[in-house]
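Structure, as structure tokens:
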Amino acid sequence: MIIPGCLGDSGESTEILGTEYRDPPDAPDFTLFDQNGDIFRFSDHDGKVIVVAFVYTACPDICLIISSNLDYVEENLGDHSDEVVLVSVTIDPARDTIRHLSEWTEQRGYDWFHLTGPVSELQEIYRSWNVIVDNEHIAASQPPEDNLNRLVVLFPDNSTLVHDTAGFGMNGSEFIDFAFSETNTSHNLSTGEIGGWEADETWDWGLRSWDEVNETWMEFTGDPGSIGMMPDTHFALVASNANLSLATPGTDCNSHGWIMGSGSSAHCMCDEGYERAGGDWLSCVAEGSEVGNSSSEPADPHDESLGEYEVGHSTTTFIIDKEMRKRVAYSGITWDTSEFLQDVISLVEE
């Protein structure tokens with residue numbers, strides 16, 4: 001049970017501004033990896049005040065606010081900085097890999113612990129910390145990994161196969177074979193058969209590569225086996241009698257964002273400095289280069305789903321005292337950062 005500013009029978013006189021546990025329970029121990037690939041053991045920080053948040057980097061709103069709040073706390077600890085440990089535990093391990101967390105924290109200038117690890121271990125941590133994680137909610141914010149490559153197949157009937165997978169260490173031919181294998185798609189390029197469609201005298205398959213500069217599929221006349229797969233290498237096999245304009249692009253959102261949702265709710269989450277083009281929810285352009293949407297255009301699907309983010313996963317940030325007990329909890333994102341900072345300092349001085 002937690003109640004605001006109430007110490008129960010603890011006999012302690014520390015004034016707490018947030019929501020304090022009446023009978024502070026022990027904080028469950030865990031071991032994960034930080035953004036540098038080093039082992040982080042929670043129990044190694046016994047004797048310090050520890051702030052623990054459960055967030056994920058692909059979250060477009062709430063988690064970013066929590067991280068920003070933690071940044072404020074870290075920047076304002078002053079002489080207490082050596083006595084406080086800040087920890088962010090991912091609730092999206094599929095995309096928050098060590099490498100991604102390293103790049104993300106460096107980009108944002110966050111140098112506290114950002115933790116990830118095996119899914120089974122993280123799921124046990126969620127349970128022991130009473131953190132709710134809605135897997136469908138997390139999946140809705142799935143951005144493509146930086147090291148994924150795309151294979152697109154445009155069939156004669158204009159239907160499309162799209163598959164993103166890691167091609168690192170492969171050549172182009174190996175990547176194409178691997179992508180077909182992962183999707184269980186039958187193929188024999190020597191006879192011109194892909195997915196049950198076999199070329200004849202009226203049509204053939206054409207190999208194309210993605211031109212990132214011109215954002216189009218260009219004819220590829222070389223041997224794909226002679227080139228190594230790079231992060232921006234994407235291939236398409238297009239039937240000559242298909243409509244090329246219907247082929248899925250090699251990258252989502254003009255390479256300046258990622259697709260959230262699916263079907264009619266699909267829309268781009270654009271990178272910093274970019275915004276969705278007017279009326280086109282699947283494109284990202286530089287901010288200020290497009291006129292804002294008119295009232296006659298469809299509603300922003302992201303705006304419609306904003307309310308789901310507070311129930312998709314727990315948004316409680318914990319403050320652990322020097323005895324490794326859950327002492328204070330701040331729920332949601334509307335809490336006062338100065339009050340949170342004061343509670344952290346109060347527990348340091350306790």
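Naming works like this for the structure tokens: A, B, ... for the chains as they're shown, residue 1 at the start of each chain, ligands 1 onward in shown order.
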Exercise. Contacts of Leu86 of chain A at 6 Å or less, counting only C-alpha atoms, minus same-chain residues fewer than 3 places along, as a ChimeraX atom specification?
Worked result: /A:50-51,112
For this session: Find the residues near Lys322 of chain A: any atom within 12 Å, counting only C-alpha atoms, skip ones fewer than 3 places away on the same chain, and give them as a list in words.
Result: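 Answer for this query is Pro24, Asp26, Ala27, Ser43, Asp44, His45, Asp46, Gly47, Lys48, Val49, Ile50, Val51, Glu83, Val84, Val85, Ile319, Arg325, Lys326, Arg327, Val344, Ile345, Ser346, Leu347, Val348, Glu349 and Glu350 of chain A.
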Problem set entry | One-decimal distance in Å that lies between atom CA of Ile259 of chain A and atom CA of Ala239 of chain A |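 Separation between atom CA of Ala239 of chain A and atom CA of Ile259 of chain A: 26.0 Å.
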Seminar exercise, completed: Among A:Val328, A:Leu32, A:Cys63, A:Ala166, Glu124 of chain A is approached most closely, using only C-alpha atoms, by A:Leu32
Exercise. A:Ile125, A:Leu148, A:Leu282, A:Ile320: which is nearest Thr90 of chain A, counting only C-alpha atoms?
Worked result: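 Going through A:Ile125, A:Leu148, A:Leu282, A:Ile320 one by one, the smallest distance to Thr90 of chain A is for A:Ile125.
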Exercise. So which residues touch Trp281 of chain A within 7 Å, counting only C-alpha atoms, skipping near sequence neighbours fewer than 4 positions away, as a VMD selection string?
Worked result: chain A and resid 267 to 268 276 to 277
